[in-house]
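Structure data follow from protein-v7.txt (compact mmCIF, C-alpha atoms and all ligand atoms):
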```txt
# COMPACT_ATOMS: atom_id res chain seq x y z
CA LEU A 1 134.84 91.94 -16.47
CA SER A 2 138.49 93.01 -16.72
CA LEU A 3 137.85 95.61 -13.96
CA LEU A 4 136.42 92.90 -11.71
CA TRP A 5 139.38 90.63 -12.49
CA SER A 6 141.93 93.32 -11.65
CA LEU A 7 140.04 94.14 -8.41
CA LEU A 8 140.05 90.44 -7.46
CA SER A 9 143.73 90.05 -8.31
CA THR A 10 144.69 93.02 -6.13
CA LEU A 11 142.60 91.60 -3.28
CA VAL A 12 144.03 88.10 -3.62
CA TRP A 13 147.63 88.94 -4.42
CA ASN A 14 148.41 91.23 -1.52
CA PRO A 15 150.87 89.79 1.04
CA GLY A 16 148.18 89.28 3.72
CA SER A 17 145.94 87.21 1.47
CA VAL A 18 148.87 85.16 0.19
CA LEU A 19 149.79 84.36 3.79
CA ILE A 20 146.21 83.34 4.63
CA ILE A 21 146.01 81.16 1.52
CA LEU A 22 149.33 79.50 2.38
CA VAL A 23 148.21 78.82 5.96
CA LEU A 24 144.92 77.34 4.73
CA LEU A 25 146.75 75.14 2.22
CA LEU A 26 149.11 73.99 4.94
CA ARG A 27 146.14 73.21 7.21
CA LEU A 28 144.55 71.22 4.40
CA TYR A 29 147.79 69.32 3.94
CA VAL A 30 147.99 68.57 7.70
CA TRP A 31 144.37 67.38 7.71
CA PHE A 32 145.05 65.14 4.71
CA TRP A 33 148.28 63.84 6.25
CA TYR A 34 146.50 62.90 9.49
CA LYS A 35 143.71 61.25 7.50
CA CYS A 36 146.17 59.08 5.57
CA HIS A 37 148.56 58.32 8.41
CA ILE A 38 146.17 57.63 11.23
CA TRP A 39 144.88 54.12 11.82
CA ASP A 40 141.44 53.65 10.34
CA LEU A 41 139.17 53.16 13.35
CA GLN A 42 136.12 52.47 11.17
CA HIS A 43 137.71 49.30 9.82
CA CYS A 44 138.32 47.84 13.27
CA SER A 45 135.51 45.44 14.13
CA THR A 46 136.43 44.82 17.80
CA ASP A 47 133.25 44.56 19.83
CA LEU A 48 133.52 45.17 23.57
CA THR A 49 130.15 43.90 24.72
CA GLY A 50 130.60 42.22 28.10
CA LYS A 51 134.07 43.76 28.61
CA THR A 52 135.07 46.23 31.30
CA ALA A 53 137.35 49.18 30.55
CA VAL A 54 138.78 51.76 32.92
CA VAL A 55 139.91 55.13 31.56
CA THR A 56 141.61 57.65 33.83
CA GLY A 57 141.11 61.34 33.08
CA ALA A 58 138.01 60.46 31.06
CA ASN A 59 136.31 63.81 31.52
CA SER A 60 138.30 65.75 28.96
CA GLY A 61 140.52 65.68 25.87
CA ILE A 62 141.94 62.36 24.72
CA GLY A 63 140.50 60.39 27.66
CA LYS A 64 136.94 61.48 26.92
CA ALA A 65 137.30 60.63 23.22
CA VAL A 66 138.73 57.19 24.11
CA ALA A 67 135.95 56.49 26.64
CA LYS A 68 133.31 57.50 24.08
CA GLU A 69 134.62 55.06 21.47
CA LEU A 70 134.90 52.21 23.99
CA ALA A 71 131.32 52.89 25.11
CA ARG A 72 130.17 52.97 21.48
CA ARG A 73 131.61 49.47 21.13
CA GLY A 74 129.54 48.21 24.06
CA ALA A 75 132.08 48.17 26.89
CA ARG A 76 131.18 48.84 30.46
CA VAL A 77 133.35 51.91 30.87
CA ILE A 78 134.52 53.23 34.22
CA LEU A 79 135.31 56.91 33.96
CA ALA A 80 138.02 57.48 36.57
CA CYS A 81 137.91 61.21 37.16
CA ARG A 82 139.29 63.59 39.75
CA ASN A 83 136.43 66.05 39.65
CA GLN A 84 132.96 64.64 40.34
CA GLU A 85 131.11 67.42 38.50
CA ARG A 86 133.27 67.35 35.36
CA GLY A 87 133.12 63.55 35.45
CA GLN A 88 129.32 63.55 35.67
CA GLN A 89 129.06 65.95 32.72
CA ALA A 90 131.31 63.70 30.63
CA LEU A 91 129.33 60.62 31.65
CA VAL A 92 126.06 62.16 30.44
CA GLU A 93 127.69 63.32 27.20
CA ILE A 94 129.17 59.87 26.51
CA GLN A 95 125.94 58.12 27.46
CA VAL A 96 123.95 60.23 24.98
CA ALA A 97 126.52 59.87 22.18
CA SER A 98 127.06 56.13 22.59
CA LYS A 99 123.59 55.09 23.81
CA ASN A 100 125.44 52.93 26.35
CA ASN A 101 123.91 52.81 29.81
CA CYS A 102 126.65 50.71 31.40
CA LEU A 103 128.90 53.62 32.33
CA LEU A 104 130.17 54.24 35.83
CA LEU A 105 131.84 57.25 37.34
CA GLY A 106 134.63 56.69 39.87
CA GLN A 107 136.38 59.43 41.78
CA VAL A 108 140.18 59.29 41.97
CA ASP A 109 142.97 61.79 42.44
CA LEU A 110 146.00 60.06 40.94
CA SER A 111 148.40 62.36 42.77
CA SER A 112 147.14 60.95 46.09
CA MET A 113 148.10 57.38 46.91
CA ALA A 114 145.33 57.23 49.54
CA SER A 115 142.81 58.18 46.86
CA VAL A 116 144.22 55.61 44.40
CA ARG A 117 143.89 52.94 47.08
CA SER A 118 140.29 53.76 47.99
CA PHE A 119 139.33 54.04 44.31
CA SER A 120 140.89 50.63 43.60
CA GLN A 121 139.05 49.10 46.53
CA TRP A 122 135.72 50.43 45.24
CA LEU A 123 136.54 49.42 41.67
CA LEU A 124 137.48 45.85 42.59
CA GLN A 125 134.13 45.45 44.34
CA GLU A 126 132.25 46.82 41.31
CA CYS A 127 134.33 45.00 38.69
CA PRO A 128 136.14 41.82 39.68
CA GLU A 129 137.41 41.50 36.09
CA ILE A 130 138.97 44.30 34.06
CA HIS A 131 139.78 43.82 30.38
CA LEU A 132 141.32 47.22 29.64
CA LEU A 133 143.02 49.86 31.73
CA VAL A 134 143.94 53.11 30.00
CA ASN A 135 146.32 55.18 32.13
CA ASN A 136 145.55 58.45 30.38
CA ALA A 137 145.28 61.17 33.05
CA GLY A 138 148.19 63.57 33.12
CA ILE A 139 149.28 67.11 33.89
CA SER A 140 151.94 69.47 32.59
CA GLY A 141 153.22 72.94 33.29
CA PHE A 142 153.27 72.77 37.09
CA PRO A 143 156.22 74.17 39.02
CA LYS A 144 157.76 71.83 41.57
CA THR A 145 155.08 71.12 44.18
CA LEU A 146 154.98 68.57 46.98
CA THR A 147 151.77 66.69 47.70
CA PRO A 148 150.66 66.20 51.34
CA GLU A 149 152.07 62.66 51.04
CA GLY A 150 155.52 64.01 50.19
CA LEU A 151 155.52 63.19 46.47
CA GLU A 152 156.28 65.61 43.67
CA LEU A 153 152.94 66.52 42.03
CA THR A 154 153.77 65.99 38.33
CA PHE A 155 155.52 62.69 39.03
CA ALA A 156 152.79 61.55 41.42
CA THR A 157 150.06 62.23 38.84
CA ASN A 158 151.81 61.07 35.68
CA TYR A 159 153.78 58.13 37.02
CA VAL A 160 153.39 57.05 40.69
CA GLY A 161 149.56 57.09 40.64
CA PRO A 162 149.37 54.98 37.44
CA PHE A 163 152.08 52.65 38.84
CA LEU A 164 150.10 52.02 42.03
CA LEU A 165 146.71 51.80 40.29
CA THR A 166 147.95 49.26 37.73
CA ASN A 167 149.52 47.13 40.44
CA LEU A 168 146.40 47.22 42.60
CA LEU A 169 144.26 46.19 39.62
CA GLN A 170 146.62 43.44 38.51
CA GLY A 171 144.45 40.64 39.98
CA ALA A 172 141.32 41.88 38.18
CA LEU A 173 143.26 42.22 34.91
CA GLN A 174 144.56 38.66 35.22
CA ARG A 175 141.11 37.32 36.12
CA ALA A 176 139.80 38.70 32.82
CA GLY A 177 141.83 36.01 31.04
CA SER A 178 143.07 38.39 28.40
CA ALA A 179 143.56 42.06 29.20
CA ARG A 180 145.47 45.15 28.07
CA VAL A 181 147.05 48.06 29.88
CA VAL A 182 147.67 51.17 27.77
CA ASN A 183 149.96 53.86 29.17
CA VAL A 184 149.60 57.26 27.51
CA SER A 185 153.15 58.51 27.27
CA SER A 186 154.55 61.24 25.01
CA PHE A 187 157.30 61.77 22.44
CA ARG A 188 158.58 64.23 25.07
CA HIS A 189 159.81 61.24 27.15
CA ALA A 190 162.96 61.35 25.02
CA TYR A 191 163.92 64.69 26.62
CA GLY A 192 163.71 63.31 30.16
CA TYR A 193 166.17 61.46 32.36
CA VAL A 194 165.70 58.86 35.08
CA ASP A 195 166.38 59.67 38.70
CA VAL A 196 164.40 57.97 41.47
CA GLU A 197 164.70 61.17 43.48
CA HIS A 198 162.26 62.79 41.03
CA LEU A 199 159.50 60.98 42.88
CA THR A 200 159.91 62.97 46.07
CA GLY A 201 161.11 66.16 44.41
CA ALA A 202 164.62 65.62 45.85
CA SER A 203 166.36 65.62 42.46
CA LYS A 204 168.08 68.72 41.11
CA PRO A 205 165.79 71.63 40.10
CA MET A 206 164.12 71.31 36.72
CA LYS A 207 162.22 73.56 34.38
CA ASN A 208 158.43 73.02 34.40
CA TYR A 209 158.34 70.97 31.23
CA GLN A 210 161.34 68.87 32.16
CA SER A 211 159.41 67.29 35.01
CA TYR A 212 156.70 66.38 32.47
CA ASP A 213 159.30 64.86 30.13
CA CYS A 214 160.90 62.89 32.96
CA SER A 215 157.54 61.66 34.27
CA LYS A 216 156.66 60.32 30.81
CA LEU A 217 160.07 58.64 30.62
CA LEU A 218 159.39 56.88 33.93
CA LEU A 219 155.98 55.76 32.64
CA THR A 220 157.61 54.36 29.49
CA SER A 221 160.29 52.55 31.50
CA PHE A 222 157.59 51.14 33.82
CA THR A 223 155.75 49.79 30.74
CA GLY A 224 158.75 47.66 29.81
CA GLU A 225 159.30 46.36 33.34
CA LEU A 226 155.62 45.55 33.89
CA ALA A 227 155.52 43.69 30.57
CA ARG A 228 158.48 41.54 31.72
CA ARG A 229 156.71 40.79 34.99
CA LEU A 230 153.37 40.00 33.32
CA GLN A 231 154.74 37.56 30.76
CA GLY A 232 152.49 34.51 30.51
CA THR A 233 149.61 36.04 32.48
CA GLY A 234 147.47 37.07 29.51
CA VAL A 235 147.89 40.75 30.40
CA THR A 236 149.83 42.94 27.96
CA VAL A 237 151.05 46.47 28.52
CA ASN A 238 152.22 49.02 25.98
CA SER A 239 152.77 52.76 25.87
CA VAL A 240 151.88 55.26 23.18
CA ASP A 241 152.47 58.82 22.07
CA PRO A 242 149.16 60.40 21.01
CA GLY A 243 150.95 63.16 19.03
CA ILE A 244 150.45 66.88 19.49
CA VAL A 245 146.81 67.28 20.38
CA TYR A 246 144.92 70.47 21.08
CA THR A 247 143.32 69.78 24.48
CA GLU A 248 143.29 71.37 27.92
CA ILE A 249 146.71 69.89 28.76
CA MET A 250 148.31 73.36 28.85
CA ARG A 251 145.72 74.82 31.22
CA HIS A 252 148.28 75.16 34.06
CA SER A 253 150.96 76.75 31.84
CA SER A 254 151.81 80.43 31.55
CA TRP A 255 149.55 82.59 29.37
CA LEU A 256 152.37 82.86 26.81
CA HIS A 257 152.64 79.09 26.42
CA ARG A 258 148.86 78.79 26.23
CA PHE A 259 148.72 81.51 23.60
CA LEU A 260 151.44 79.81 21.51
CA PHE A 261 149.64 76.47 21.84
CA TRP A 262 146.42 78.15 20.69
CA LEU A 263 148.19 79.67 17.66
CA PHE A 264 149.73 76.30 16.86
CA SER A 265 146.40 74.50 17.42
CA PHE A 266 145.54 75.06 13.79
CA PHE A 267 148.12 72.38 12.96
CA CYS A 268 147.46 70.03 15.88
CA LYS A 269 145.28 66.97 16.05
CA ASN A 270 141.92 67.35 17.73
CA ALA A 271 141.06 65.16 20.73
CA ARG A 272 139.36 62.53 18.58
CA GLN A 273 142.39 62.23 16.30
CA GLY A 274 144.67 62.14 19.34
CA ALA A 275 142.61 59.29 20.78
CA ILE A 276 143.21 57.07 17.75
CA PRO A 277 146.72 55.77 18.67
CA VAL A 278 145.39 55.03 22.18
CA LEU A 279 142.39 53.22 20.69
CA TYR A 280 144.71 51.31 18.37
CA LEU A 281 146.56 49.88 21.38
CA SER A 282 143.24 49.17 23.09
CA LEU A 283 141.35 47.56 20.21
CA ALA A 284 143.51 46.31 17.36
CA LYS A 285 143.33 42.52 17.08
CA GLU A 286 146.81 42.34 15.54
CA LEU A 287 148.24 43.52 18.86
CA ASP A 288 147.08 40.40 20.74
CA GLY A 289 150.09 39.17 22.70
CA ILE A 290 152.24 42.23 21.90
CA SER A 291 153.65 43.65 25.12
CA GLY A 292 156.31 46.03 26.43
CA LYS A 293 156.36 48.15 23.28
CA TYR A 294 156.25 51.89 22.68
CA PHE A 295 154.09 53.08 19.77
CA SER A 296 154.52 56.34 17.87
CA SER A 297 151.56 58.61 17.16
CA SER A 298 151.34 56.91 13.75
CA CYS A 299 150.64 53.61 15.56
CA ILE A 300 154.02 52.12 14.67
CA ILE A 301 156.21 50.20 17.13
CA THR A 302 159.18 52.49 17.74
CA LEU A 303 162.19 52.25 20.01
CA PRO A 304 161.73 54.58 22.97
CA THR A 305 164.77 56.49 24.20
CA LYS A 306 167.69 54.39 25.52
CA ALA A 307 166.98 55.05 29.21
CA ALA A 308 163.45 53.67 28.80
CA ARG A 309 164.86 50.41 27.42
CA ASP A 310 167.39 49.71 30.15
CA PRO A 311 166.09 46.81 32.30
CA GLN A 312 168.43 47.67 35.19
CA VAL A 313 167.18 51.24 35.31
CA ALA A 314 163.60 49.93 35.12
CA GLN A 315 164.24 47.48 37.96
CA ARG A 316 165.70 50.24 40.18
CA LEU A 317 162.76 52.48 39.41
CA TRP A 318 160.34 49.64 40.15
CA ASN A 319 161.90 48.98 43.55
CA ALA A 320 161.84 52.68 44.46
CA SER A 321 158.21 52.93 43.37
CA VAL A 322 157.22 49.87 45.41
CA HIS A 323 158.91 51.41 48.43
CA ILE A 324 157.37 54.85 48.00
CA THR A 325 153.84 53.50 47.50
CA ASN A 326 154.15 50.90 50.29
CA LEU A 327 153.14 48.29 47.77
CA ASP A 328 155.24 45.74 49.69
CA LYS A 329 153.31 46.40 52.90
CA MET A 330 149.86 45.81 51.51
CA ASP A 331 146.89 44.49 53.37
N1 LIG B 1 147.70 66.97 24.35
C1 LIG B 1 148.87 66.58 23.88
O1 LIG B 1 149.45 67.17 22.95
C2 LIG B 1 149.55 65.37 24.48
C3 LIG B 1 150.76 64.93 23.90
C4 LIG B 1 151.38 63.82 24.45
C5 LIG B 1 150.83 63.17 25.52
N2 LIG B 1 149.65 63.62 26.06
C6 LIG B 1 149.10 62.90 27.23
O2 LIG B 1 147.76 62.55 26.98
C7 LIG B 1 147.08 62.41 28.22
C8 LIG B 1 145.73 63.11 28.16
O3 LIG B 1 145.97 64.49 28.07
P1 LIG B 1 145.02 65.51 27.28
O4 LIG B 1 145.83 66.13 26.24
O5 LIG B 1 143.73 64.86 26.93
O6 LIG B 1 144.82 66.61 28.42
P2 LIG B 1 143.56 67.10 29.26
O7 LIG B 1 142.43 67.47 28.36
O8 LIG B 1 144.10 68.13 30.19
O9 LIG B 1 143.14 65.80 30.08
C9 LIG B 1 143.85 65.38 31.20
C10 LIG B 1 142.93 64.58 32.08
O10 LIG B 1 143.69 64.12 33.21
C11 LIG B 1 142.94 64.40 34.39
N3 LIG B 1 143.79 64.56 35.57
C12 LIG B 1 144.76 65.47 35.78
N4 LIG B 1 145.27 65.33 37.01
C13 LIG B 1 144.61 64.30 37.59
C14 LIG B 1 144.67 63.68 38.85
N5 LIG B 1 145.52 64.08 39.81
N6 LIG B 1 143.84 62.65 39.12
C15 LIG B 1 142.97 62.22 38.19
N7 LIG B 1 142.84 62.78 36.96
C16 LIG B 1 143.66 63.81 36.67
C17 LIG B 1 142.21 65.69 34.08
O11 LIG B 1 141.18 65.86 35.00
P3 LIG B 1 140.66 67.34 35.44
O12 LIG B 1 139.72 67.75 34.37
O13 LIG B 1 140.02 67.12 36.76
O14 LIG B 1 141.88 68.21 35.55
C18 LIG B 1 141.77 65.41 32.65
O15 LIG B 1 140.62 64.62 32.65
C19 LIG B 1 148.02 62.95 29.29
O16 LIG B 1 148.67 61.88 29.94
C20 LIG B 1 149.03 63.75 28.48
O17 LIG B 1 150.27 63.83 29.12
C21 LIG B 1 149.00 64.70 25.57
```

Rewrite the coordinates I just gave you, this time as structure tokens.
Ligand SMILES: NC(=O)c1ccc[n+]([C@@H]2O[C@H](COP(=O)([O-])OP(=O)(O)OC[C@H]3O[C@@H](n4cnc5c(N)ncnc54)[C@H](OP(=O)(O)O)[C@@H]3O)[C@@H](O)[C@H]2O)c1
Amino acid sequence: LSLLWSLLSTLVWNPGSVLIILVLLLRLYVWFWYKCHIWDLQHCSTDLTGKTAVVTGANSGIGKAVAKELARRGARVILACRNQERGQQALVEIQVASKNNCLLLGQVDLSSMASVRSFSQWLLQECPEIHLLVNNAGISGFPKTLTPEGLELTFATNYVGPFLLTNLLQGALQRAGSARVVNVSSFRHAYGYVDVEHLTGASKPMKNYQSYDCSKLLLTSFTGELARRLQGTGVTVNSVDPGIVYTEIMRHSSWLHRFLFWLFSFFCKNARQGAIPVLYLSLAKELDGISGKYFSSSCIITLPTKAARDPQVAQRLWNASVHITNLDKMD
């Protein structure tokens, strides 16, 4: 017995094993922390039967997990996806998991304003009333790229597309009587700065991730301005940081960044956990009437960075966005 004990002690107490044990303990702690600090979805009784919800980027990561939960609660969910095939796969998966047959797949490329317009047209015919719009789709890690319409790709996808889509759907949201818009931002918005020239790529050169940070800052600023404009309409709009979530978000980054993300993934939330703050903003009854706020990944109202709170900055950004999307020259 003493021989076995000494063999076990040598196996366990070598530096490699100690490291593995420490990492596992840390992982256990992270799991427990998330469990205690994340809003308890199971205790939310919101039923969405008869309601219509639109989720952009619903074919993967956080968007798919959000769409699944909304479908489970009976909503008619519109999966707004860029890629028809990936969208169809997600639709089947969500249908099977939720046993909800009221799902619809819509094709939209948020980086293309023409695509956002034709998607909105189709959507408004299918659903004259929309109770929930989750602006979830997003990209990161792209170098500066101009779209055929002359917009900068990261900004077009993460900010201009959602800006135009939300505005085009405003009538349907208001017709619903009571509706919510949820903008999926990021804690990274605090590292960005506002410059309307970002939209066309005319601002000074930035590192890959800085354009992501700035695009999320613009989305957060837009949330505040839209909330001011929607006061008294029954439509609320808030933004949220899902936390650090291991999804495909880094798929366009360098192999080194992807590798580091993979290593770190052990301590990240999974997509379902990352969806919870987004679902909190979408479902929680106590948020009725709350608008223009930014929520942390622990579902707590938090002040976003100063630039996101400045109404003059937001107004300037709004005007530039209206101009760039031709929202003022609409049919
Ligand atoms: N993961 C994190 O740690 C983290 C942290 C903070 C914030 N967020 C935000 O959370 C949101 C969801 O990201 P995720 O982590 O779930 O990443 P993800 O798995 O990569 O999902 C992103 C989704 O956006 C879609 N999308 C990208 N470009 C699009 C376009 N031009 N038009 C329409 N759809 C487009 C993707 O579609 P395809 O499959 O066709 O590419 C995909 O469905 C993003 O806004 C992201 O910025 C994520």

Kindly indicate which residue among A:Phe163, A:Trp318, A:Tyr212, A:Phe119 lies nearest to ligand LIG 1 (chain B), using all atoms listed in the file for the distances.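 Among A:Phe163, A:Trp318, A:Tyr212, A:Phe119, it is A:Tyr212 that comes nearest to ligand LIG 1 (chain B).
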
Could you list, as a ChimeraX atom specification, all residues that come within 7 Å of ligand LIG 1 (chain B)? Count only C-alpha atoms and all ligand atoms. /A:56-63,81-83,86,108-111,136-140,157-158,184-187,241-251,271

Can I get the residues of region 195-314 of chain A within 10 Å of region 28-37 of chain A, each with the closest pair of atoms and their distance in Å to one decimal, using only C-alpha atoms, sorted chain first then ascending number, as CSV?
```
residue,atom,partner,partner_atom,distance
A:Phe266,CA,A:Val30,CA,9.2
A:Phe267,CA,A:Val30,CA,6.5
A:Cys268,CA,A:Val30,CA,8.3
A:Lys269,CA,A:Tyr34,CA,7.8
A:Gln273,CA,A:Tyr34,CA,8.0
A:Ser297,CA,A:His37,CA,9.3
A:Ser298,CA,A:His37,CA,6.2
A:Cys299,CA,A:His37,CA,8.8
```

Compute the distance from (147.0, 74.9, 10.6) to each atom, counting only C-alpha atoms, keep the residues with any atom at most 7 Å away, and return them as a list in words; use the coordinates of the file.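 Within 7 Å of (147.0, 74.9, 10.6), the protein and nucleic acid residues are Val23, Leu24, Leu26, Arg27, Phe264, Ser265, Phe266 and Phe267 of chain A.
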
For Pro205 (chain A), please output as a list in words all residues within 10 Å (counting only C-alpha atoms; exclusion window: fewer than 4 positions along the same chain). Pro143, Lys144, His198, Gly201, Gln210 and Ser211 of chain A

Minimum-distance residue to Pro148 (chain A), chosen among A:Leu263, A:Leu169, A:Leu103, A:Thr200 (using all atoms listed in the file):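 That would be A:Thr200, the residue with the smallest distance to Pro148 (chain A).
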
Rounded to one decimal place, report the CA of Gly50 (chain A)-CA of Trp122 (chain A) distance in Å.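 Here the two named atoms are 19.7 Å from each other.
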
Provide the CA of Ile38 (chain A) to CA of Asn101 (chain A) distance in Å, to one decimal place. 29.4 Å

Enumerate, in order of chain and increasing residue number, the residues of region 156-240 of chain A with an atom no farther than 12 Å from region 283-286 of chain A, each with its shortest atom pair and distance in Å to one decimal, counting all atoms listed in the file, as JSON lines.
```
{"residue": "A:Ala179", "atom": "CA", "partner": "A:Leu283", "partner_atom": "CA", "distance": 10.8}
{"residue": "A:Arg180", "atom": "CA", "partner": "A:Leu283", "partner_atom": "CA", "distance": 9.2}
{"residue": "A:Val181", "atom": "CA", "partner": "A:Leu283", "partner_atom": "CA", "distance": 11.2}
{"residue": "A:Val182", "atom": "CA", "partner": "A:Leu283", "partner_atom": "CA", "distance": 10.5}
```

Have a look at A:Ala227, A:Leu165, A:Leu317, A:Ile130 and name the one nearest to Ser115 (chain A); count all atoms listed in the file.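 Using all atoms listed in the file, Ser115 (chain A) sits closest to A:Leu165.
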
Tell me which of A:Glu126, A:Leu218, A:Leu327, A:Thr46 sits closest to Leu287 (chain A), counting only C-alpha atoms.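 Ranking A:Glu126, A:Leu218, A:Leu327, A:Thr46 by distance to Leu287 (chain A), first place goes to A:Thr46.
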
CA of Val240 (chain A) to CA of Gly87 (chain A) measures 23.9 Å

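In this comparison, which uses all atoms listed in the file, the residue of A:Leu48, A:Ala172, A:Leu123, A:Val322 approaching Leu79 (chain A) most closely is A:Leu123.
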
So that I can check the surroundings of Gln312 (chain A), please list as a ChimeraX atom specification every protein, DNA and RNA residue that reaches within 12 Å of it, counting all atoms listed in the file and ignoring chain neighbours fewer than 4 positions away. /A:194,221-222,224-225,306-308,316-319

Using all atoms listed in the file, find all polymer residues with an atom at most 12 Å away from the point (134.7, 63.4, 22.6); report them as JSON, numbers by chain. {"A": [58, 59, 60, 61, 62, 63, 64, 65, 66, 67, 68, 69, 70, 71, 72, 89, 90, 91, 92, 93, 94, 95, 96, 97, 98, 247, 270, 271, 272, 273, 274, 275, 276]}

Emit as JSON the padded axis-aligned box for all listed atoms of region 136-142 of chain A, 6 Å per side, with centre and edge lengths in Å to one decimal.
```
{"center_x": 149.3, "center_y": 65.7, "center_z": 33.7, "size_x": 20.0, "size_y": 26.5, "size_z": 18.7}
```

Within 9 Å of Glu129 (chain A), counting all atoms listed in the file, which residues show up once you throw out same-chain ones fewer than 4 positions away? Write them as a ChimeraX atom specification, please. /A:51-52,124,171-177
